[in-house]
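For reference, target_0.pdb (PDB, C-alpha atoms):
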MODEL        1
ATOM      1  CA  MET G 549     158.604 149.549 101.206  1.00  0.00           C
ATOM      2  CA  LYS G 550     156.717 148.290 104.261  1.00  0.00           C
ATOM      3  CA  ALA G 551     153.856 145.798 103.817  1.00  0.00           C
ATOM      4  CA  THR G 552     150.745 146.416 105.925  1.00  0.00           C
ATOM      5  CA  GLY G 553     148.820 143.237 105.177  1.00  0.00           C
ATOM      6  CA  ILE G 554     145.765 145.348 104.346  1.00  0.00           C
ATOM      7  CA  VAL G 555     143.986 144.667 101.057  1.00  0.00           C
ATOM      8  CA  ARG G 556     141.353 146.941  99.519  1.00  0.00           C
ATOM      9  CA  ARG G 557     139.282 146.539  96.361  1.00  0.00           C
ATOM     10  CA  ILE G 558     138.722 149.270  93.804  1.00  0.00           C
ATOM     11  CA  ASP G 559     135.043 150.235  93.491  1.00  0.00           C
ATOM     12  CA  ASP G 560     133.114 150.723  90.238  1.00  0.00           C
ATOM     13  CA  LEU G 561     134.179 154.407  90.103  1.00  0.00           C
ATOM     14  CA  GLY G 562     137.885 153.525  90.388  1.00  0.00           C
ATOM     15  CA  ARG G 563     138.193 154.580  94.029  1.00  0.00           C
ATOM     16  CA  VAL G 564     140.130 152.876  96.779  1.00  0.00           C
ATOM     17  CA  VAL G 565     139.826 153.637 100.489  1.00  0.00           C
ATOM     18  CA  ILE G 566     143.047 154.281 102.389  1.00  0.00           C
ATOM     19  CA  PRO G 567     142.554 152.655 105.809  1.00  0.00           C
ATOM     20  CA  LYS G 568     142.097 154.938 108.797  1.00  0.00           C
ATOM     21  CA  GLU G 569     145.159 153.498 110.567  1.00  0.00           C
ATOM     22  CA  ILE G 570     147.396 154.403 107.632  1.00  0.00           C
ATOM     23  CA  ARG G 571     145.821 157.871 107.258  1.00  0.00           C
ATOM     24  CA  ARG G 572     146.382 158.544 110.965  1.00  0.00           C
ATOM     25  CA  THR G 573     149.961 157.232 110.980  1.00  0.00           C
ATOM     26  CA  MET G 574     150.894 159.140 107.824  1.00  0.00           C
ATOM     27  CA  ARG G 575     148.906 162.252 108.878  1.00  0.00           C
ATOM     28  CA  ILE G 576     146.779 162.174 105.736  1.00  0.00           C
ATOM     29  CA  ARG G 577     143.739 164.369 106.217  1.00  0.00           C
ATOM     30  CA  GLU G 578     140.602 164.810 104.157  1.00  0.00           C
ATOM     31  CA  GLY G 579     141.397 167.027 101.194  1.00  0.00           C
ATOM     32  CA  ASP G 580     145.164 166.385 101.313  1.00  0.00           C
ATOM     33  CA  PRO G 581     146.712 166.073  97.849  1.00  0.00           C
ATOM     34  CA  LEU G 582     148.449 162.802  97.003  1.00  0.00           C
ATOM     35  CA  GLU G 583     150.901 162.160  94.169  1.00  0.00           C
ATOM     36  CA  ILE G 584     150.536 158.873  92.339  1.00  0.00           C
ATOM     37  CA  TYR G 585     153.590 157.056  91.013  1.00  0.00           C
ATOM     38  CA  THR G 586     153.811 153.823  89.076  1.00  0.00           C
ATOM     39  CA  ALA G 587     156.696 151.388  88.842  1.00  0.00           C
ATOM     40  CA  VAL G 588     157.525 148.955  86.069  1.00  0.00           C
ATOM     41  CA  ASP G 589     156.793 145.981  88.336  1.00  0.00           C
ATOM     42  CA  GLY G 590     153.126 146.962  88.714  1.00  0.00           C
ATOM     43  CA  GLU G 591     153.406 148.969  91.923  1.00  0.00           C
ATOM     44  CA  VAL G 592     151.184 152.005  92.426  1.00  0.00           C
ATOM     45  CA  ILE G 593     152.594 154.346  95.043  1.00  0.00           C
ATOM     46  CA  PHE G 594     150.717 157.147  96.776  1.00  0.00           C
ATOM     47  CA  LYS G 595     152.832 159.923  98.286  1.00  0.00           C
ATOM     48  CA  LYS G 596     151.679 162.952 100.220  1.00  0.00           C
ATOM     49  CA  TYR G 597     152.167 166.031  98.084  1.00  0.00           C
ATOM     50  CA  SER G 598     153.722 169.074  99.724  1.00  0.00           C
ATOM     51  CA  PRO G 599     153.781 172.284  97.653  1.00  0.00           C
ATOM     52  CA  ILE G 600     156.291 173.788 100.090  1.00  0.00           C
ATOM     53  CA  GLY G 601     158.325 170.574 100.034  1.00  0.00           C
ATOM     54  CA  GLU G 602     158.721 171.063  96.277  1.00  0.00           C
ATOM     55  CA  MET G 603     160.441 174.393  97.025  1.00  0.00           C
ATOM     56  CA  THR G 604     163.043 173.177  99.511  1.00  0.00           C
ATOM     57  CA  ASP G 605     165.911 175.074  97.865  1.00  0.00           C
ATOM     58  CA  LEU G 606     163.942 178.339  97.837  1.00  0.00           C
ATOM     59  CA  ALA G 607     162.784 177.790 101.436  1.00  0.00           C
ATOM     60  CA  THR G 608     166.352 177.045 102.567  1.00  0.00           C
ATOM     61  CA  GLY G 609     167.644 180.209 100.915  1.00  0.00           C
ATOM     62  CA  TYR G 610     164.842 182.267 102.441  1.00  0.00           C
ATOM     63  CA  ALA G 611     165.526 180.796 105.915  1.00  0.00           C
ATOM     64  CA  ASP G 612     169.230 181.725 105.557  1.00  0.00           C
ATOM     65  CA  VAL G 613     168.372 185.311 104.578  1.00  0.00           C
ATOM     66  CA  LEU G 614     165.955 185.668 107.498  1.00  0.00           C
ATOM     67  CA  TYR G 615     168.531 184.261 109.920  1.00  0.00           C
ATOM     68  CA  ARG G 616     171.153 186.768 108.705  1.00  0.00           C
ATOM     69  CA  ALA G 617     168.683 189.655 108.941  1.00  0.00           C
ATOM     70  CA  ILE G 618     167.235 188.827 112.374  1.00  0.00           C
ATOM     71  CA  GLY G 619     170.068 186.895 114.029  1.00  0.00           C
ATOM     72  CA  GLU G 620     167.763 184.203 115.422  1.00  0.00           C
ATOM     73  CA  PRO G 621     167.187 180.671 114.104  1.00  0.00           C
ATOM     74  CA  VAL G 622     164.479 180.195 111.475  1.00  0.00           C
ATOM     75  CA  LEU G 623     162.536 177.067 110.508  1.00  0.00           C
ATOM     76  CA  ILE G 624     160.207 176.512 107.576  1.00  0.00           C
ATOM     77  CA  SER G 625     157.786 173.601 107.648  1.00  0.00           C
ATOM     78  CA  ASP G 626     155.273 171.937 105.421  1.00  0.00           C
ATOM     79  CA  ARG G 627     152.163 170.551 107.132  1.00  0.00           C
ATOM     80  CA  ASP G 628     154.086 167.673 108.725  1.00  0.00           C
ATOM     81  CA  ARG G 629     157.841 168.248 108.875  1.00  0.00           C
ATOM     82  CA  ILE G 630     160.562 170.868 108.942  1.00  0.00           C
ATOM     83  CA  ILE G 631     161.884 171.330 105.401  1.00  0.00           C
ATOM     84  CA  ALA G 632     164.377 174.200 105.911  1.00  0.00           C
ATOM     85  CA  ALA G 633     166.402 175.571 108.805  1.00  0.00           C
ATOM     86  CA  ALA G 634     168.999 178.271 109.404  1.00  0.00           C
ATOM     87  CA  GLY G 635     170.858 179.213 112.568  1.00  0.00           C
ATOM     88  CA  ILE G 636     170.340 175.777 114.088  1.00  0.00           C
ATOM     89  CA  ALA G 637     172.086 172.470 113.354  1.00  0.00           C
ATOM     90  CA  LYS G 638     170.323 170.922 110.360  1.00  0.00           C
ATOM     91  CA  ARG G 639     170.298 167.469 111.977  1.00  0.00           C
ATOM     92  CA  GLU G 640     168.332 168.934 114.910  1.00  0.00           C
ATOM     93  CA  ALA G 641     165.547 170.207 112.681  1.00  0.00           C
ATOM     94  CA  ILE G 642     165.389 169.005 109.061  1.00  0.00           C
ATOM     95  CA  GLU G 643     162.805 166.230 108.543  1.00  0.00           C
ATOM     96  CA  ARG G 644     161.703 166.409 112.190  1.00  0.00           C
ATOM     97  CA  ARG G 645     157.966 166.226 112.749  1.00  0.00           C
ATOM     98  CA  ILE G 646     156.176 169.372 113.767  1.00  0.00           C
ATOM     99  CA  SER G 647     154.383 169.451 117.102  1.00  0.00           C
ATOM    100  CA  PRO G 648     150.644 168.888 117.458  1.00  0.00           C
ATOM    101  CA  ALA G 649     150.366 172.490 118.743  1.00  0.00           C
ATOM    102  CA  LEU G 650     151.917 173.892 115.547  1.00  0.00           C
ATOM    103  CA  GLU G 651     149.753 171.590 113.453  1.00  0.00           C
ATOM    104  CA  ILE G 652     146.603 172.882 115.201  1.00  0.00           C
ATOM    105  CA  MET G 653     147.767 176.500 114.786  1.00  0.00           C
ATOM    106  CA  MET G 654     148.141 175.946 111.037  1.00  0.00           C
ATOM    107  CA  GLU G 655     144.838 174.069 110.678  1.00  0.00           C
ATOM    108  CA  ASN G 656     143.117 177.014 112.374  1.00  0.00           C
ATOM    109  CA  ARG G 657     144.985 179.410 110.054  1.00  0.00           C
ATOM    110  CA  GLU G 658     146.369 181.261 113.042  1.00  0.00           C
ATOM    111  CA  ASN G 659     149.690 182.970 113.692  1.00  0.00           C
ATOM    112  CA  TYR G 660     151.716 183.146 116.885  1.00  0.00           C
ATOM    113  CA  VAL G 661     153.738 185.925 118.480  1.00  0.00           C
ATOM    114  CA  LYS G 662     155.440 185.352 121.820  1.00  0.00           C
ATOM    115  CA  GLY G 663     154.294 187.746 124.485  1.00  0.00           C
ATOM    116  CA  ALA G 664     154.512 188.110 128.250  1.00  0.00           C
ATOM    117  CA  ASP G 665     151.085 186.528 128.709  1.00  0.00           C
ATOM    118  CA  THR G 666     151.059 184.001 125.847  1.00  0.00           C
ATOM    119  CA  LYS G 667     151.542 180.276 126.245  1.00  0.00           C
ATOM    120  CA  ALA G 668     154.814 179.012 124.749  1.00  0.00           C
ATOM    121  CA  LEU G 669     154.636 177.366 121.323  1.00  0.00           C
ATOM    122  CA  TYR G 670     157.000 174.436 120.802  1.00  0.00           C
ATOM    123  CA  PRO G 671     157.153 173.864 117.024  1.00  0.00           C
ATOM    124  CA  LEU G 672     159.122 170.600 117.005  1.00  0.00           C
ATOM    125  CA  ALA G 673     157.658 167.374 118.313  1.00  0.00           C
ATOM    126  CA  ASP G 674     159.471 166.174 121.443  1.00  0.00           C
ATOM    127  CA  SER G 675     161.554 169.345 121.814  1.00  0.00           C
ATOM    128  CA  GLU G 676     161.715 172.187 124.307  1.00  0.00           C
ATOM    129  CA  VAL G 677     162.812 174.746 121.701  1.00  0.00           C
ATOM    130  CA  SER G 678     160.159 177.466 121.665  1.00  0.00           C
ATOM    131  CA  ALA G 679     159.011 179.814 118.938  1.00  0.00           C
ATOM    132  CA  ALA G 680     159.112 183.584 119.127  1.00  0.00           C
ATOM    133  CA  VAL G 681     156.974 184.014 115.990  1.00  0.00           C
ATOM    134  CA  ALA G 682     155.159 181.511 113.761  1.00  0.00           C
ATOM    135  CA  TYR G 683     153.107 182.381 110.684  1.00  0.00           C
ATOM    136  CA  THR G 684     150.993 179.991 108.652  1.00  0.00           C
ATOM    137  CA  ILE G 685     151.786 179.771 104.930  1.00  0.00           C
ATOM    138  CA  LEU G 686     148.620 180.013 102.841  1.00  0.00           C
ATOM    139  CA  GLY G 687     148.570 179.529  99.074  1.00  0.00           C
ATOM    140  CA  SER G 688     145.363 179.569  97.023  1.00  0.00           C
ATOM    141  CA  GLY G 689     143.444 179.399 100.298  1.00  0.00           C
ATOM    142  CA  ASP G 690     145.163 176.163 101.373  1.00  0.00           C
ATOM    143  CA  VAL G 691     147.505 175.718 104.324  1.00  0.00           C
ATOM    144  CA  SER G 692     150.961 174.718 103.055  1.00  0.00           C
ATOM    145  CA  GLY G 693     153.164 175.090 106.119  1.00  0.00           C
ATOM    146  CA  SER G 694     154.665 177.694 108.412  1.00  0.00           C
ATOM    147  CA  VAL G 695     157.595 180.053 108.898  1.00  0.00           C
ATOM    148  CA  ILE G 696     158.945 179.942 112.447  1.00  0.00           C
ATOM    149  CA  LEU G 697     161.343 182.287 114.214  1.00  0.00           C
ATOM    150  CA  LEU G 698     162.902 180.610 117.246  1.00  0.00           C
ATOM    151  CA  GLY G 699     163.941 182.578 120.288  1.00  0.00           C
ATOM    152  CA  SER G 700     167.353 181.133 121.080  1.00  0.00           C
ATOM    153  CA  ARG G 701     168.222 183.747 123.665  1.00  0.00           C
ATOM    154  CA  GLU G 702     166.453 183.324 127.000  1.00  0.00           C
ATOM    155  CA  ASN G 703     164.663 186.672 127.199  1.00  0.00           C
ATOM    156  CA  TYR G 704     164.385 187.305 123.477  1.00  0.00           C
ATOM    157  CA  THR G 705     161.272 189.222 122.491  1.00  0.00           C
ATOM    158  CA  PRO G 706     160.622 189.661 118.764  1.00  0.00           C
ATOM    159  CA  THR G 707     160.618 193.220 117.463  1.00  0.00           C
ATOM    160  CA  LEU G 708     157.912 194.537 115.157  1.00  0.00           C
ATOM    161  CA  SER G 709     160.439 194.266 112.302  1.00  0.00           C
ATOM    162  CA  ASP G 710     161.115 190.600 113.152  1.00  0.00           C
ATOM    163  CA  ILE G 711     157.387 189.865 113.130  1.00  0.00           C
ATOM    164  CA  LYS G 712     156.895 191.653 109.800  1.00  0.00           C
ATOM    165  CA  LEU G 713     159.810 189.785 108.194  1.00  0.00           C
ATOM    166  CA  ILE G 714     158.269 186.425 109.179  1.00  0.00           C
ATOM    167  CA  GLU G 715     154.849 187.570 107.975  1.00  0.00           C
ATOM    168  CA  VAL G 716     156.268 188.675 104.609  1.00  0.00           C
ATOM    169  CA  ALA G 717     158.126 185.360 104.284  1.00  0.00           C
ATOM    170  CA  SER G 718     154.910 183.388 104.854  1.00  0.00           C
ATOM    171  CA  HIS G 719     153.040 185.476 102.264  1.00  0.00           C
ATOM    172  CA  PHE G 720     155.894 185.177  99.749  1.00  0.00           C
ATOM    173  CA  LEU G 721     156.174 181.388 100.123  1.00  0.00           C
ATOM    174  CA  GLY G 722     152.389 181.072  99.933  1.00  0.00           C
ATOM    175  CA  LYS G 723     152.375 183.045  96.693  1.00  0.00           C
ATOM    176  CA  GLN G 724     155.070 180.738  95.288  1.00  0.00           C
ATOM    177  CA  THR G 725     152.830 177.714  95.862  1.00  0.00           C
ATOM    178  CA  GLU G 726     150.134 179.312  93.682  1.00  0.00           C
ATOM    179  CA  ASP G 727     152.302 179.509  90.566  1.00  0.00           C
TER     180      ASP G 727
ENDMDL
END
Any chance you could give the structure as structure tokens?
Amino acid sequence: MKATGIVRRIDDLGRVVIPKEIRRTMRIREGDPLEIYTAVDGEVIFKKYSPIGEMTDLATGYADVLYRAIGEPVLISDRDRIIAAAGIAKREAIERRISPALEIMMENRENYVKGADTKALYPLADSEVSAAVAYTILGSGDVSGSVILLGSRENYTPTLSDIKLIEVASHFLGKQTED
């Protein structure tokens, strides 16, 4: 665990303020759920909660099925990182941060489909791998992550079936976060 040197007092309602620097570094936004853990030595640990992150095995299986059906790499993210990948080396994607552009797309509850006149969407931070399709995962009205179809071939254009498969995947995973 990394010490920050920051000390905060608990107020009369039992609240503690997480400093802005830590919220920015850890990408904790207003309304984000946090899990609280305790340790026997008196530590209280706050961890960002990711409903999609809790379903990594399901997401990985779904990414594999989509990759086999479409033949193009598939990524599934939570709101911060890639949690599942198929058709691409796992070390190139798993646990990598998502790009600010993908984060904004999700915050705005938008979807992306590559077209001749659309700006490229690069889903991974510091990477030139572009998306062909990206759909935001919504569960109980909250953004949980995204399902991303990469276009590995140079002139790959997603078919209507490809787009629908990614859309269905995002709805399915969103529904799973509600249960």
Stretch 626-683 of chain G near stretch 690-693 of chain G within 9 Å: what's each residue's closest atom pair and its distance in Å to one decimal, counting all atoms listed in the file, ordered by chain then ascending residue number, as a tab-separated table?
residue	atom	partner	partner_atom	distance
G:Asp626	CA	G:Gly693	CA	3.9
G:Arg627	CA	G:Gly693	CA	4.8
G:Asp628	CA	G:Gly693	CA	7.9
G:Arg629	CA	G:Gly693	CA	8.7
G:Ile630	CA	G:Gly693	CA	9.0
G:Glu651	CA	G:Gly693	CA	8.8
G:Met654	CA	G:Val691	CA	6.7
G:Glu655	CA	G:Val691	CA	7.1
G:Arg657	CA	G:Val691	CA	7.3
G:Tyr683	CA	G:Gly693	CA	8.6
Exercise for review: Tell me which of G:Phe594, G:Val716, G:Thr586, G:Ala633 sits closest to G:Gly609, counting all atoms listed in the file.
Suggested key: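 That would be G:Ala633, the residue with the smallest distance to G:Gly609.
Note that atom CA of G:Ala664 and atom CA of G:Ile685 are 24.9 Å apart.
The nearest approach to G:Glu715 among the residues G:Ile696, G:Leu672, G:Val592, G:Met603, with all atoms listed in the file taken into account, belongs to G:Ile696.
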Practice item. Select all residues near (155.4, 180.4, 101.4) (cut-off 9 Å, inclusive, file coordinates), counting all atoms listed in the file, and output them as a ChimeraX atom specification. Key: /G:600,603,607,624,684-687,692-695,716-725
Review point. Mind listing as a VMD selection string all residues within 9 Å of (164.1, 172.6, 105.8), counting all atoms listed in the file?
Key: chain G and resid 601 604 to 605 607 to 608 611 623 to 626 629 to 634 638 641 to 643
**Study point:** Separation of atom CA of G:Arg644 from atom CA of G:Asp674 in Å
**Key:**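 Computing it gives 9.5 Å between the two atoms.
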Could the residues of stretch 640-672 of chain G that have an atom at most 10 Å from stretch 702-713 of chain G be listed as JSON lines, each with its closest atom pair and the distance in Å to one decimal, counting all atoms listed in the file and ordered by chain and ascending residue number?
{"residue": "G:Tyr660", "atom": "CA", "partner": "G:Ile711", "partner_atom": "CA", "distance": 9.6}
{"residue": "G:Val661", "atom": "CA", "partner": "G:Ile711", "partner_atom": "CA", "distance": 7.6}
{"residue": "G:Lys662", "atom": "CA", "partner": "G:Thr705", "partner_atom": "CA", "distance": 7.0}
{"residue": "G:Gly663", "atom": "CA", "partner": "G:Thr705", "partner_atom": "CA", "distance": 7.4}
{"residue": "G:Ala664", "atom": "CA", "partner": "G:Thr705", "partner_atom": "CA", "distance": 8.9}
Review point. Of the candidates G:Glu620, G:Glu658, G:Glu726, G:Asp560, which one gets nearest to G:Ser688 if we count only C-alpha atoms?
Key: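 Closest to G:Ser688 of all the choices is G:Glu726.
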Point to revise | Interatomic distance, atom CA of G:Pro581 to atom CA of G:Val564 (Å, one decimal) | key: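 According to the coordinates, atom CA of G:Pro581 and atom CA of G:Val564 are separated by 14.8 Å.
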Practice item. Using all atoms listed in the file, find the one residue out of G:Glu602, G:Lys596, G:Arg557, G:Leu650 that sits nearest to G:Arg577. Key: G:Lys596
Exercise for review: Pull out every residue that the PyMOL selection byres ((chain G and resi 668) around 12) matches in the shown coordinates and put them as a list in words.
Suggested key: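 For this structure, the PyMOL selection byres ((chain G and resi 668) around 12) captures Ala649, Leu650, Tyr660, Val661, Lys662, Gly663, Ala664, Asp665, Thr666, Lys667, Leu669, Tyr670, Pro671, Glu676, Val677, Ser678, Ala679, Ala680, Val681, Ala682, Leu698 and Gly699 of chain G.
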**Study point:** Resolved residues for the PyMOL selection byres ((chain G and resi 554) around 10) as a PyMOL selection string
**Key:** chain G and resi 551-553+555-556+566-567+570
Could the residues in this selection be saved with C-alpha atoms as a compact mmCIF listing (two decimals), in the coordinates of the input?
# COMPACT_ATOMS: atom_id res chain seq x y z
CA ALA G 551 153.86 145.80 103.82
CA THR G 552 150.74 146.42 105.92
CA GLY G 553 148.82 143.24 105.18
CA VAL G 555 143.99 144.67 101.06
CA ARG G 556 141.35 146.94 99.52
CA ILE G 566 143.05 154.28 102.39
CA PRO G 567 142.55 152.66 105.81
CA ILE G 570 147.40 154.40 107.63
Point to revise | G:Gly619 surroundings by only C-alpha atoms, 10 Å radius, close-in-sequence under 3 positions cut, as a VMD selection string | key: chain G and resid 612 to 616 622 634 to 635 697 699 to 700 710
